[in-house]
Amino acid sequence: MKKILLYIILFLSGIDGAWALPIEKEGMSIYSPSLKQEVSYSIILPEGYEHSETEYPVLYMFHGIGGDYTSWLEYGNVARVMDKMIKEGKIQPFIMVIPDGYLSYYSDTYDGSSLYETLFIKELVPYIDNNYRTRKDINGRSIIGFSMGGFGALSVSLRNRHLFGSVVALSPSIRTE
């Protein structure tokens, strides 16, 4: 009887632990009038998001050339790292959004043929703010990017200083066009 009770306790504690993981959603999408197509993104919500009324800061993560909206999750394992650091008290809970940047450099082209920055600033950020409990002030938004994404993080944040409180560019590439 004691063994059965122990197994039940272990089973239930395992279920509780599974519920406590961050919510990772890949393959979400919005339609972009600027790009005239669906744009995919991944979003990671912190543990307990669904049971709280808290507004969370958002970290937008831009991938490098050849990557997509899953790259930070697959190669950087960012959801696990985020969860571990939150549990260790090293960082506060936040929402992570990883949009698919294609080969855009996260910029609008001079001829208007690709309006990725417009999509990001006028469509995706407002969509995330309207559909998730986010902090909607400058200190509630940050951007990080790698390579092509580093270039995009710098250029987008510099042109939109009123929206982003911090930016990190990891090995940013240089675009001369």
# chains A, B, ... in the order shown; residues from 1 in each chain; ligands from 1
$ residues_around --residues "A:His63" --least-positions-apart "2" --cutoff "6 Å" --atoms "only C-alpha atoms" --output "list in words"
Gly67, Gly145, Phe146 and Gly149 of chain A
$ residues_around --residues "A:Val156" --least-positions-apart "5" --cutoff "10 Å" --atoms "only C-alpha atoms" --output "number ranges by chain"
A: 105-108, 117-118, 120-121, 143, 150-151, 161, 163-164, 167
$ write_last_selection --atoms "N, CA and C atoms" --output "PDB file, in the first residue's frame"
ATOM      1  N   TYR A 105      16.769  41.222 -43.434  1.00  0.00           N
ATOM      2  CA  TYR A 105      17.569  42.108 -42.587  1.00  0.00           C
ATOM      3  C   TYR A 105      16.664  42.948 -41.681  1.00  0.00           C
ATOM      4  N   TYR A 106      15.413  42.536 -41.572  1.00  0.00           N
ATOM      5  CA  TYR A 106      14.422  43.188 -40.714  1.00  0.00           C
ATOM      6  C   TYR A 106      14.230  44.650 -41.102  1.00  0.00           C
ATOM      7  N   SER A 107      14.408  44.935 -42.387  1.00  0.00           N
ATOM      8  CA  SER A 107      14.363  46.309 -42.890  1.00  0.00           C
ATOM      9  C   SER A 107      13.344  46.446 -44.012  1.00  0.00           C
ATOM     10  N   ASP A 108      12.914  47.678 -44.232  1.00  0.00           N
ATOM     11  CA  ASP A 108      12.148  48.004 -45.429  1.00  0.00           C
ATOM     12  C   ASP A 108      13.140  48.254 -46.558  1.00  0.00           C
ATOM     13  N   GLU A 117      10.359  45.951 -41.753  1.00  0.00           N
ATOM     14  CA  GLU A 117      10.338  46.795 -40.550  1.00  0.00           C
ATOM     15  C   GLU A 117       8.932  47.329 -40.303  1.00  0.00           C
ATOM     16  N   THR A 118       8.242  47.689 -41.371  1.00  0.00           N
ATOM     17  CA  THR A 118       6.858  48.140 -41.243  1.00  0.00           C
ATOM     18  C   THR A 118       5.996  47.040 -40.633  1.00  0.00           C
ATOM     19  N   PHE A 120       6.983  44.633 -38.690  1.00  0.00           N
ATOM     20  CA  PHE A 120       7.368  44.445 -37.295  1.00  0.00           C
ATOM     21  C   PHE A 120       6.811  45.550 -36.399  1.00  0.00           C
ATOM     22  N   ILE A 121       7.044  46.804 -36.770  1.00  0.00           N
ATOM     23  CA  ILE A 121       6.663  47.944 -35.925  1.00  0.00           C
ATOM     24  C   ILE A 121       5.160  48.202 -35.930  1.00  0.00           C
ATOM     25  N   ILE A 143      15.022  44.122 -27.839  1.00  0.00           N
ATOM     26  CA  ILE A 143      15.318  43.347 -29.051  1.00  0.00           C
ATOM     27  C   ILE A 143      16.726  42.788 -28.931  1.00  0.00           C
ATOM     28  N   GLY A 150      21.145  40.759 -35.749  1.00  0.00           N
ATOM     29  CA  GLY A 150      21.845  41.804 -35.008  1.00  0.00           C
ATOM     30  C   GLY A 150      21.772  43.131 -35.736  1.00  0.00           C
ATOM     31  N   PHE A 151      21.973  43.081 -37.059  1.00  0.00           N
ATOM     32  CA  PHE A 151      21.806  44.285 -37.874  1.00  0.00           C
ATOM     33  C   PHE A 151      20.383  44.809 -37.723  1.00  0.00           C
ATOM     34  N   ARG A 161      13.255  54.439 -31.272  1.00  0.00           N
ATOM     35  CA  ARG A 161      13.758  54.548 -29.897  1.00  0.00           C
ATOM     36  C   ARG A 161      12.651  54.672 -28.866  1.00  0.00           C
ATOM     37  N   LEU A 163      10.065  52.923 -28.691  1.00  0.00           N
ATOM     38  CA  LEU A 163       9.428  51.629 -28.436  1.00  0.00           C
ATOM     39  C   LEU A 163      10.273  50.643 -27.647  1.00  0.00           C
ATOM     40  N   PHE A 164      11.598  50.770 -27.711  1.00  0.00           N
ATOM     41  CA  PHE A 164      12.473  49.737 -27.157  1.00  0.00           C
ATOM     42  C   PHE A 164      13.454  50.314 -26.151  1.00  0.00           C
ATOM     43  N   VAL A 167      18.665  47.026 -26.520  1.00  0.00           N
ATOM     44  CA  VAL A 167      18.964  46.269 -27.735  1.00  0.00           C
ATOM     45  C   VAL A 167      20.287  45.547 -27.538  1.00  0.00           C
TER      46      VAL A 167
END
$ residues_around --residues "A:Ile44" --least-positions-apart "2" --cutoff "7 Å" --atoms "only C-alpha atoms" --output "MDAnalysis selection string"
chainID A and resid 22:25 42 46 79 95:97
$ atom_distance --atom1 "atom CA of A:Gly165" --atom2 "atom CA of A:Val58"
10.6 Å
$ residues_around --residues "A:Tyr69" --least-positions-apart "6" --cutoff "8 Å" --atoms "only C-alpha atoms" --output "VMD selection string"
chain A and resid 26 to 27 40 to 42 63 98 to 101
$ write_last_selection --atoms "N, CA and C atoms" --output "PDB file, in the first residue's frame"
ATOM      1  N   GLU A  26       5.184  27.265 -31.315  1.00  0.00           N
ATOM      2  CA  GLU A  26       5.860  27.463 -32.594  1.00  0.00           C
ATOM      3  C   GLU A  26       4.816  27.465 -33.697  1.00  0.00           C
ATOM      4  N   GLY A  27       5.141  28.120 -34.792  1.00  0.00           N
ATOM      5  CA  GLY A  27       4.263  28.074 -35.954  1.00  0.00           C
ATOM      6  C   GLY A  27       3.018  28.922 -35.847  1.00  0.00           C
ATOM      7  N   SER A  40       5.177  33.840 -39.895  1.00  0.00           N
ATOM      8  CA  SER A  40       5.223  32.927 -38.751  1.00  0.00           C
ATOM      9  C   SER A  40       6.061  33.509 -37.622  1.00  0.00           C
ATOM     10  N   TYR A  41       5.734  33.095 -36.415  1.00  0.00           N
ATOM     11  CA  TYR A  41       6.527  33.470 -35.252  1.00  0.00           C
ATOM     12  C   TYR A  41       6.373  32.388 -34.193  1.00  0.00           C
ATOM     13  N   SER A  42       7.316  32.347 -33.286  1.00  0.00           N
ATOM     14  CA  SER A  42       7.222  31.509 -32.091  1.00  0.00           C
ATOM     15  C   SER A  42       7.075  32.444 -30.901  1.00  0.00           C
ATOM     16  N   HIS A  63      16.540  36.235 -35.698  1.00  0.00           N
ATOM     17  CA  HIS A  63      17.485  35.187 -36.104  1.00  0.00           C
ATOM     18  C   HIS A  63      18.434  35.694 -37.192  1.00  0.00           C
ATOM     19  N   ILE A  98       9.743  35.336 -31.355  1.00  0.00           N
ATOM     20  CA  ILE A  98      10.753  35.103 -32.390  1.00  0.00           C
ATOM     21  C   ILE A  98      10.054  35.126 -33.747  1.00  0.00           C
ATOM     22  N   PRO A  99      10.081  36.282 -34.439  1.00  0.00           N
ATOM     23  CA  PRO A  99       9.434  36.347 -35.752  1.00  0.00           C
ATOM     24  C   PRO A  99      10.321  35.759 -36.846  1.00  0.00           C
ATOM     25  N   ASP A 100       9.691  35.286 -37.910  1.00  0.00           N
ATOM     26  CA  ASP A 100      10.448  34.815 -39.069  1.00  0.00           C
ATOM     27  C   ASP A 100      10.876  36.040 -39.868  1.00  0.00           C
ATOM     28  N   GLY A 101      12.174  36.253 -39.956  1.00  0.00           N
ATOM     29  CA  GLY A 101      12.698  37.416 -40.665  1.00  0.00           C
ATOM     30  C   GLY A 101      13.077  37.139 -42.104  1.00  0.00           C
TER      31      GLY A 101
END
$ select_by_dssp --residues "stretch 16-172 of chain A" --states "strand (DSSP E)" --output "PyMOL selection string"
chain A and resi 23-32+37-45+58-62+95-99+141-146+166-170
$ write_last_selection --atoms "C-alpha atoms" --output "compact mmCIF listing (two decimals), in the first residue's frame"
# COMPACT_ATOMS: atom_id res chain seq x y z
CA ILE A 23 4.41 27.60 -22.75
CA GLU A 24 6.22 27.33 -26.07
CA LYS A 25 4.19 27.93 -29.22
CA GLU A 26 5.86 27.46 -32.59
CA GLY A 27 4.26 28.07 -35.95
CA MET A 28 1.94 30.86 -34.90
CA SER A 29 1.26 33.37 -37.67
CA ILE A 30 -0.36 36.66 -38.52
CA TYR A 31 -1.31 38.02 -41.91
CA SER A 32 0.79 41.04 -42.87
CA GLN A 37 1.55 37.16 -46.74
CA GLU A 38 1.38 35.18 -43.52
CA VAL A 39 4.36 35.69 -41.22
CA SER A 40 5.22 32.93 -38.75
CA TYR A 41 6.53 33.47 -35.25
CA SER A 42 7.22 31.51 -32.09
CA ILE A 43 6.24 32.76 -28.66
CA ILE A 44 7.36 31.55 -25.26
CA LEU A 45 5.20 32.51 -22.30
CA VAL A 58 8.71 41.24 -24.13
CA LEU A 59 12.01 40.23 -25.70
CA TYR A 60 11.91 40.13 -29.50
CA MET A 61 14.57 37.80 -30.88
CA PHE A 62 15.79 38.19 -34.48
CA ILE A 95 7.61 36.84 -22.92
CA MET A 96 9.86 35.86 -25.82
CA VAL A 97 8.76 36.45 -29.44
CA ILE A 98 10.75 35.10 -32.39
CA PRO A 99 9.43 36.35 -35.75
CA ARG A 141 10.31 45.90 -24.82
CA SER A 142 13.77 44.74 -25.87
CA ILE A 143 15.32 43.35 -29.05
CA ILE A 144 18.19 40.92 -29.47
CA GLY A 145 19.53 39.67 -32.77
CA PHE A 146 22.29 37.51 -34.18
CA SER A 166 17.30 47.96 -24.80
CA VAL A 167 18.96 46.27 -27.74
CA VAL A 168 21.61 43.56 -28.05
CA ALA A 169 23.37 42.88 -31.35
CA LEU A 170 25.35 39.62 -31.37
$ atom_distance --atom1 "atom CA of A:Glu55" --atom2 "atom CA of A:Leu158"
24.9 Å
$ atom_distance --atom1 "atom CA of A:Leu35" --atom2 "atom CA of A:Tyr116"
7.0 Å
$ residues_around --residues "A:Tyr56" --least-positions-apart "3" --cutoff "6 Å" --atoms "only C-alpha atoms" --output "CSV table (one decimal) with N, CA and C atoms, in the first residue's frame"
chain,number,residue,atom,x,y,z
A,94,PHE,N,9.4,36.9,-18.4
A,94,PHE,CA,9.1,37.7,-19.6
A,94,PHE,C,8.6,36.9,-20.7
A,134,THR,N,1.2,42.2,-22.1
A,134,THR,CA,2.6,42.7,-22.2
A,134,THR,C,2.6,44.1,-21.5
A,135,ARG,N,3.8,44.4,-21.1
A,135,ARG,CA,4.1,45.8,-20.7
A,135,ARG,C,4.3,46.6,-22.0
